[in-house]
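To keep things clear, I will list the structure first and then write my remarks on it.
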Amino acid sequence: RGNFFPSPSLAPPRHVRIAQLVKEADADGNGLFDFKEFVWLMNRVTEDMDRDGLVKGLQLKKRLGYTSAEVKQFKDLYSICDEDLSGYIDCEELCSLLSSLIPVEREAKRELEQRFREADSYNSGELDFWEFLTFMRAVQTDNWRNINGVVGKKI
């Protein structure tokens with residue numbers, strides 16, 4: 001997370017795009033980056049990443065069947081759940097959130113940990129917002145521990 005340059009496991013088109021940006025950034029063609037060229041490169045890479053994230057988010061929102069208002073509500077919930085303000089949520093933070101809705105005894109915690117691992121597409125031990133949204137859709141679709149009924153009563 002937080003890396004500008006892609007890992008080898010990412011799609012080849014991403015590598016091609018990075019190579020293209022590196023070539024464009026070396027404006028004087030000397031094979032080295034001066035500070036201005038480096039800043040230009042970082043800005044372009046960041047813009048590409050932001051655009052890719054937005055596209056991914058819109059596609060995921062549509063695939064999961066959430067409205068924009070629901071995504072906003074989940075974003076607010078995600079921010080509340082991120083107790084350490086890291087920008088990501090770990091399993092303990094998620095268990096803490098869900099335990100305010102339903103009892104999370106040993107078996108329920110094991111189930112949550114398994115669902116968490118399934119949603120953690122980067123195997124980082126943390127969920128970004130889009131992974132969290134996917135997690136929440138699975139929990140709702142399966143009506144895990146009657147969460148849909150419980151949430152309806154709490155609201």
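In the structure tokens, the first chain shown is A, the next is B, and so on; residue numbers restart at 1 for each chain, and ligands run from 1 in the order shown.
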
If you take only C-alpha atoms and a cut-off of 10 Å, which residues of range 36-120 of chain A touch range 146-152 of chain A, and what are their nearest atom pairs and distances in Å to one decimal, in chain and number order, as a tab-separated table?
```
residue	atom	partner	partner_atom	distance
A:Leu98	CA	A:Ile147	CA	9.1
A:Leu101	CA	A:Val150	CA	6.8
A:Ile102	CA	A:Val150	CA	7.4
```

Exercise. Determine which residues of range 7-136 of chain A receive a DSSP assignment of helix (DSSP H, G or I), computed from the backbone, and state them as an MDAnalysis selection string.
Key: chainID A and resid 12:25 35:64 68:81 91:99 106:119 129:136

Please produce a file of those selected residues containing C-alpha atoms, as a PDB file, in the first residue's frame.
```pdb
ATOM      1  CA  PRO A  12       1.114  -5.552 -17.685  1.00  0.00           C
ATOM      2  CA  PRO A  13      -0.759  -2.461 -18.959  1.00  0.00           C
ATOM      3  CA  ARG A  14       0.086  -0.727 -15.659  1.00  0.00           C
ATOM      4  CA  HIS A  15       3.781  -1.462 -16.204  1.00  0.00           C
ATOM      5  CA  VAL A  16       3.592  -0.140 -19.761  1.00  0.00           C
ATOM      6  CA  ARG A  17       1.928   3.052 -18.490  1.00  0.00           C
ATOM      7  CA  ILE A  18       4.594   3.565 -15.819  1.00  0.00           C
ATOM      8  CA  ALA A  19       7.361   3.038 -18.385  1.00  0.00           C
ATOM      9  CA  GLN A  20       5.687   5.579 -20.673  1.00  0.00           C
ATOM     10  CA  LEU A  21       5.471   8.131 -17.854  1.00  0.00           C
ATOM     11  CA  VAL A  22       9.112   7.570 -16.889  1.00  0.00           C
ATOM     12  CA  LYS A  23      10.166   8.185 -20.487  1.00  0.00           C
ATOM     13  CA  GLU A  24       8.023  11.337 -20.702  1.00  0.00           C
ATOM     14  CA  ALA A  25       9.351  12.609 -17.368  1.00  0.00           C
ATOM     15  CA  PHE A  35      13.856  17.477  -9.133  1.00  0.00           C
ATOM     16  CA  LYS A  36      11.404  19.114 -11.548  1.00  0.00           C
ATOM     17  CA  GLU A  37      11.174  15.937 -13.654  1.00  0.00           C
ATOM     18  CA  PHE A  38      10.713  13.817 -10.534  1.00  0.00           C
ATOM     19  CA  VAL A  39       7.883  16.028  -9.272  1.00  0.00           C
ATOM     20  CA  TRP A  40       6.207  15.886 -12.694  1.00  0.00           C
ATOM     21  CA  LEU A  41       6.448  12.078 -12.679  1.00  0.00           C
ATOM     22  CA  MET A  42       5.026  11.751  -9.171  1.00  0.00           C
ATOM     23  CA  ASN A  43       2.131  14.076 -10.044  1.00  0.00           C
ATOM     24  CA  ARG A  44       1.281  12.071 -13.154  1.00  0.00           C
ATOM     25  CA  VAL A  45       1.523   8.720 -11.361  1.00  0.00           C
ATOM     26  CA  THR A  46      -0.689  10.059  -8.556  1.00  0.00           C
ATOM     27  CA  GLU A  47      -3.242  11.388 -11.057  1.00  0.00           C
ATOM     28  CA  ASP A  48      -3.331   8.007 -12.801  1.00  0.00           C
ATOM     29  CA  MET A  49      -3.753   6.187  -9.505  1.00  0.00           C
ATOM     30  CA  ASP A  50      -6.546   8.546  -8.425  1.00  0.00           C
ATOM     31  CA  ARG A  51      -8.327   8.082 -11.745  1.00  0.00           C
ATOM     32  CA  ASP A  52      -7.933   4.309 -11.570  1.00  0.00           C
ATOM     33  CA  GLY A  53      -9.285   4.320  -8.013  1.00  0.00           C
ATOM     34  CA  LEU A  54     -12.314   6.347  -9.027  1.00  0.00           C
ATOM     35  CA  VAL A  55     -13.068   4.052 -11.961  1.00  0.00           C
ATOM     36  CA  LYS A  56     -12.628   0.986  -9.744  1.00  0.00           C
ATOM     37  CA  GLY A  57     -14.928   2.500  -7.145  1.00  0.00           C
ATOM     38  CA  LEU A  58     -17.662   3.326  -9.626  1.00  0.00           C
ATOM     39  CA  GLN A  59     -17.483  -0.156 -11.131  1.00  0.00           C
ATOM     40  CA  LEU A  60     -17.579  -1.777  -7.702  1.00  0.00           C
ATOM     41  CA  LYS A  61     -20.497   0.377  -6.565  1.00  0.00           C
ATOM     42  CA  LYS A  62     -22.453  -0.727  -9.605  1.00  0.00           C
ATOM     43  CA  ARG A  63     -21.469  -4.401  -9.218  1.00  0.00           C
ATOM     44  CA  LEU A  64     -22.438  -4.426  -5.537  1.00  0.00           C
ATOM     45  CA  SER A  68     -24.456   6.731  -4.004  1.00  0.00           C
ATOM     46  CA  ALA A  69     -26.231   7.548  -0.730  1.00  0.00           C
ATOM     47  CA  GLU A  70     -25.518   4.050   0.609  1.00  0.00           C
ATOM     48  CA  VAL A  71     -21.857   4.302  -0.382  1.00  0.00           C
ATOM     49  CA  LYS A  72     -21.682   7.644   1.480  1.00  0.00           C
ATOM     50  CA  GLN A  73     -23.215   6.027   4.573  1.00  0.00           C
ATOM     51  CA  PHE A  74     -20.714   3.181   4.387  1.00  0.00           C
ATOM     52  CA  LYS A  75     -17.881   5.694   3.946  1.00  0.00           C
ATOM     53  CA  ASP A  76     -18.998   7.431   7.150  1.00  0.00           C
ATOM     54  CA  LEU A  77     -19.235   4.065   8.925  1.00  0.00           C
ATOM     55  CA  TYR A  78     -15.771   3.141   7.637  1.00  0.00           C
ATOM     56  CA  SER A  79     -14.333   6.380   9.027  1.00  0.00           C
ATOM     57  CA  ILE A  80     -15.908   5.692  12.421  1.00  0.00           C
ATOM     58  CA  CYS A  81     -14.603   2.125  12.370  1.00  0.00           C
ATOM     59  CA  CYS A  91     -10.146  -7.112  11.916  1.00  0.00           C
ATOM     60  CA  GLU A  92     -10.228  -5.892  15.522  1.00  0.00           C
ATOM     61  CA  GLU A  93     -11.676  -2.543  14.471  1.00  0.00           C
ATOM     62  CA  LEU A  94     -14.280  -4.321  12.363  1.00  0.00           C
ATOM     63  CA  CYS A  95     -15.186  -6.682  15.214  1.00  0.00           C
ATOM     64  CA  SER A  96     -15.530  -3.678  17.493  1.00  0.00           C
ATOM     65  CA  LEU A  97     -17.936  -2.025  15.076  1.00  0.00           C
ATOM     66  CA  LEU A  98     -20.061  -5.116  14.562  1.00  0.00           C
ATOM     67  CA  SER A  99     -20.104  -5.972  18.265  1.00  0.00           C
ATOM     68  CA  ARG A 106     -15.916 -16.747  19.921  1.00  0.00           C
ATOM     69  CA  GLU A 107     -17.676 -18.479  16.997  1.00  0.00           C
ATOM     70  CA  ALA A 108     -18.951 -15.193  15.538  1.00  0.00           C
ATOM     71  CA  LYS A 109     -15.459 -13.732  15.800  1.00  0.00           C
ATOM     72  CA  ARG A 110     -13.993 -16.720  13.921  1.00  0.00           C
ATOM     73  CA  GLU A 111     -16.625 -16.243  11.214  1.00  0.00           C
ATOM     74  CA  LEU A 112     -15.792 -12.535  10.974  1.00  0.00           C
ATOM     75  CA  GLU A 113     -12.078 -13.268  10.759  1.00  0.00           C
ATOM     76  CA  GLN A 114     -12.722 -15.688   7.879  1.00  0.00           C
ATOM     77  CA  ARG A 115     -14.916 -13.167   6.054  1.00  0.00           C
ATOM     78  CA  PHE A 116     -12.282 -10.495   6.684  1.00  0.00           C
ATOM     79  CA  ARG A 117      -9.565 -12.667   5.102  1.00  0.00           C
ATOM     80  CA  GLU A 118     -11.807 -13.282   2.085  1.00  0.00           C
ATOM     81  CA  ALA A 119     -12.353  -9.533   1.619  1.00  0.00           C
ATOM     82  CA  PHE A 129     -12.704   1.241   1.812  1.00  0.00           C
ATOM     83  CA  TRP A 130     -13.516  -0.779  -1.313  1.00  0.00           C
ATOM     84  CA  GLU A 131     -12.634  -4.050   0.401  1.00  0.00           C
ATOM     85  CA  PHE A 132     -14.801  -2.971   3.346  1.00  0.00           C
ATOM     86  CA  LEU A 133     -17.694  -2.255   0.983  1.00  0.00           C
ATOM     87  CA  THR A 134     -17.290  -5.724  -0.539  1.00  0.00           C
ATOM     88  CA  PHE A 135     -17.186  -7.222   2.969  1.00  0.00           C
ATOM     89  CA  MET A 136     -20.380  -5.418   3.947  1.00  0.00           C
TER      90      MET A 136
END
```

Self-check item: Straight-line distance linking CA of Asp82 in chain A with CA of Gly125 in chain A, stated in Å to one decimal
Solution: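 Computing the Euclidean distance for CA of Asp82 in chain A and CA of Gly125 in chain A yields 13.5 Å.
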
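Between CA of Trp144 in chain A and CA of Ser124 in chain A the separation is 23.7 Å.
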
Self-check item: Atom pair CA of Tyr122 in chain A / CA of Thr67 in chain A: separation (Å)
Solution: 25.5 Å

Quiz item: Hey, which of A:Pro103, A:Glu83, A:Gln140, A:Ile89 ends up closest to Gly65 in chain A? Count only C-alpha atoms.
Solution: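 Ranking A:Pro103, A:Glu83, A:Gln140, A:Ile89 by distance to Gly65 in chain A, first place goes to A:Gln140.
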
Practice problem: From the DSSP assignment of the backbone, select every residue of range 1-153 of chain A that is strand (DSSP E), and format the answer as a VMD selection string. | Solution: chain A and resid 89 to 90 126 to 127

Could the residues in this selection be written to a file with N, CA and C atoms, as a PDB file, in the first residue's frame?
```
ATOM      1  N   ILE A  89      -8.930  -0.364   7.954  1.00  0.00           N
ATOM      2  CA  ILE A  89      -9.456  -0.994   9.162  1.00  0.00           C
ATOM      3  C   ILE A  89      -8.931  -2.413   9.261  1.00  0.00           C
ATOM      4  N   ASP A  90      -8.591  -2.787  10.470  1.00  0.00           N
ATOM      5  CA  ASP A  90      -8.139  -4.160  10.696  1.00  0.00           C
ATOM      6  C   ASP A  90      -9.305  -4.960  11.273  1.00  0.00           C
ATOM      7  N   GLU A 126      -5.492  -5.634   6.540  1.00  0.00           N
ATOM      8  CA  GLU A 126      -6.316  -4.426   6.653  1.00  0.00           C
ATOM      9  C   GLU A 126      -7.229  -4.362   5.430  1.00  0.00           C
ATOM     10  N   LEU A 127      -8.348  -3.684   5.604  1.00  0.00           N
ATOM     11  CA  LEU A 127      -9.254  -3.466   4.484  1.00  0.00           C
ATOM     12  C   LEU A 127      -9.234  -1.999   4.100  1.00  0.00           C
TER      13      LEU A 127
END
```
